[in-house]
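Q: My questions all concern the structure below.
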Amino acid sequence: MDFLTLEQKYIRREDPEHLICSIPAAELLERPNMQQFLELYGTRIHALEPAASAAYFSGWLGYAAFAQQYALSFHNQALDLSLSNFVVQLHVKESYTAISFKLVREAAQPAPAGEAERTAWLRRTLTELYGTTFRPLLEAASEAAGIEVGQLWGQFPTKLNYLMDDLLVEAEEHELRERIAEDYNRLRQELNGEVFGRAKNPLDVKIRWMEDLKDPDKRIRMKNACCLYYRTEGGFCCYTCPRLTEEQREERRTQARKTAIAQGS
């Protein structure tokens, strides 16, 4: 397993520099602990309400989800991301507060050799990750912050789709790119909603494309759910936020392009 690369994806073996706090993931299932964690994190990101902290926390969990996809597809191994095997850490990185996940044990399970056996192993691994690790954490954050859990699950597709694009670019071999895409499709299409405690798989979403802010010939993805940046001090709805109307987006495009022309002249 390439743990040096995993550390760039916020899965760590050692404490990061400028550590603020560290708490075992399993302890965050207790409401007072989750409330304290979100409150502390909220002070760091200047959140106006706990819901914003919870949404940001969910977005960071998306990195852990991505790290598992990387391990599964690139290394044909599964990380042990059970609640008992990682610690959630707040730390200062450059000018912002980041969340990373420190492994207690550097355990990784290799995939079985046969194709059918690997498919079953992959489904089992992903079911455990989303059903017994992410689901209870998001449900605990939802309860502690008073935010609908669907809003928290909604942070995952935006993060994963973006990161998986980068992973496909990183892969040089055609066979590896096929496995990356196939493994990701299995996550989105073969896990039913019951795993997530939802009516349907929250990762199986229709991608909505929109015009780039500055380049009319470029298309970018709309966020699947609002990240609640606008509920932080000085924050606002991002250009890709689903809360914006198309009229509001057009207004921002017009202003951004006028500014670009003025700066270039």
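Note on naming: chains are A, B, ... as they come in the structure tokens, residues start from 1 per chain, ligands start from 1 in the order shown.
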With only C-alpha atoms as the counted atoms, please give the residues lying no more than 9 Å from Ser82 in chain A, apart from itself and same-chain residues fewer than 6 positions off, as a ChimeraX atom specification.

A: /A:25-26,128-129,132-133

Q: Write down as a PyMOL selection string the residues of range 26-262 of chain A whose backbone DSSP state falls under helix (DSSP H, G or I).

A: chain A and resi 26-29+31-45+50-74+83-85+115-145+149-153+155-170+174-190+193-196+229-231+246-262

Q: Assign secondary structure with DSSP using the backbone only, and return the residues of range 59-131 of chain A in strand (DSSP E) as a list in words.

A: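 Output for range 59-131 of chain A, strand (DSSP E) only: Gln77, Ala78, Leu79, Phe86, Val87, Val88, Gln89, Leu90, His91, Val92, Lys93, Tyr96, Thr97, Ala98, Ile99, Ser100, Phe101, Lys102, Leu103, Ala108, Gln109 and Pro110 of chain A.
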
Q: Just the number, please: distance in Å from CA of Phe66 in chain A to CA of Gly235 in chain A, one decimal.

A: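 CA of Phe66 in chain A sits 26.5 Å away from CA of Gly235 in chain A.
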
Q: Near range 5-18 of chain A, counting only C-alpha atoms, which residues have an atom at most 6 Å away, once you skip same-chain residues fewer than 2 positions from it, shown as a PDB file with N, CA and C atoms, in the first residue's frame?

A:
```
ATOM      1  N   ASP A   2       0.532   2.202  -0.829  1.00  0.00           N
ATOM      2  CA  ASP A   2       1.281   3.445  -0.942  1.00  0.00           C
ATOM      3  C   ASP A   2       0.753   4.451   0.076  1.00  0.00           C
ATOM      4  N   PHE A   3       1.268   4.388   1.301  1.00  0.00           N
ATOM      5  CA  PHE A   3       0.753   5.258   2.360  1.00  0.00           C
ATOM      6  C   PHE A   3       1.201   6.708   2.185  1.00  0.00           C
ATOM      7  N   HIS A  91      -6.499  19.887  12.319  1.00  0.00           N
ATOM      8  CA  HIS A  91      -5.166  20.471  12.331  1.00  0.00           C
ATOM      9  C   HIS A  91      -5.112  21.645  11.374  1.00  0.00           C
ATOM     10  N   VAL A  92      -4.162  22.517  11.605  1.00  0.00           N
ATOM     11  CA  VAL A  92      -3.974  23.679  10.743  1.00  0.00           C
ATOM     12  C   VAL A  92      -3.100  23.267   9.568  1.00  0.00           C
ATOM     13  N   SER A 100      -8.317  15.336   9.018  1.00  0.00           N
ATOM     14  CA  SER A 100      -7.710  14.138   8.449  1.00  0.00           C
ATOM     15  C   SER A 100      -8.020  12.948   9.347  1.00  0.00           C
ATOM     16  N   PHE A 101      -7.632  11.771   8.888  1.00  0.00           N
ATOM     17  CA  PHE A 101      -8.035  10.529   9.542  1.00  0.00           C
ATOM     18  C   PHE A 101      -6.796   9.665   9.763  1.00  0.00           C
ATOM     19  N   LYS A 102      -6.461   9.483  11.024  1.00  0.00           N
ATOM     20  CA  LYS A 102      -5.258   8.725  11.385  1.00  0.00           C
ATOM     21  C   LYS A 102      -5.626   7.274  11.660  1.00  0.00           C
ATOM     22  N   LEU A 103      -4.934   6.356  10.982  1.00  0.00           N
ATOM     23  CA  LEU A 103      -5.171   4.935  11.181  1.00  0.00           C
ATOM     24  C   LEU A 103      -4.525   4.467  12.478  1.00  0.00           C
TER      25      LEU A 103
END
```

Q: As a list in words, please: the residues near Arg257 in chain A (cut-off 12 Å, only C-alpha atoms, same-chain neighbours under 4 positions excluded).

A: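 Non-adjacent residues within range: Asp212, Leu213, Lys214, Asp215, Pro216, Glu250, Glu251, Arg252, Arg253, Ile261, Ala262, Gln263 and Gly264 of chain A.
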
Q: Neighbouring residues of His75 in chain A were defined as those with any atom within 12 Å, considering only C-alpha atoms; residues of the same chain fewer than 3 positions away were excluded. Please report them as an MDAnalysis selection string.

A: chainID A and resid 1:3 5:6 67:72 78:79 108:111 171 176 179:180

Q: Find the residues around Thr240 in chain A up to 10 Å (only C-alpha atoms counted), leave out those fewer than 2 positions away in its own chain, and share them as a PyMOL selection string.

A: chain A and resi 208-213+220-226+237-238+242-244+249

Q: Compare A:Gly197, A:Leu126, A:Lys93, A:Ala51 by their minimum atom-to-atom distance to Leu81 in chain A, counting only C-alpha atoms, and give me the closest one.

A: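 Closest residue, counting only C-alpha atoms: A:Leu126.
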
Q: Using only C-alpha atoms, which of the listed residues (A:Thr254, A:Thr97, A:Gln77, A:Thr259) sits closest to Cys21 in chain A?

A: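 Among A:Thr254, A:Thr97, A:Gln77, A:Thr259, it is A:Thr97 that comes nearest to Cys21 in chain A.
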
Q: Find, counting only C-alpha atoms, the residue in A:Phe57, A:Phe74, A:Ser95, A:Ala64 that gets nearest to Glu178 in chain A.

A: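 Using only C-alpha atoms, Glu178 in chain A sits closest to A:Phe74.
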
Q: Tell me, as a VMD selection string, which residues lie within 7 Å of Ile23 in chain A, counting only C-alpha atoms; anything in the same chain fewer than 5 positions away does not count.

A: chain A and resid 87 to 89

Q: Using only C-alpha atoms, find the one residue out of A:Gly42, A:Pro157, A:Pro50, A:Gly114 that sits nearest to Pro202 in chain A.

A: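 Smallest distance to Pro202 in chain A is found for A:Pro157.
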
Q: One decimal, in Å: what's the spacing between CA of Leu40 in chain A and CA of Arg135 in chain A?

A: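 One can read the CA of Leu40 in chain A to CA of Arg135 in chain A distance as 21.9 Å.
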
Q: Between CA of Ala54 in chain A and CA of Leu28 in chain A, measure the distance and give it in Å to one decimal.

A: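 Computing the Euclidean distance for CA of Ala54 in chain A and CA of Leu28 in chain A yields 12.1 Å.
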
Q: Which of these residues is nearest to Lys159 in chain A, using only C-alpha atoms: A:Thr119, A:Ser53, A:Ser58, A:Asn33?

A: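 Ranking A:Thr119, A:Ser53, A:Ser58, A:Asn33 by distance to Lys159 in chain A, first place goes to A:Ser58.
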
Q: Counting only C-alpha atoms, which residue out of A:Lys258, A:Ala145, A:Ala199, A:Leu168 sits closest to Tyr56 in chain A?

A: A:Ala145
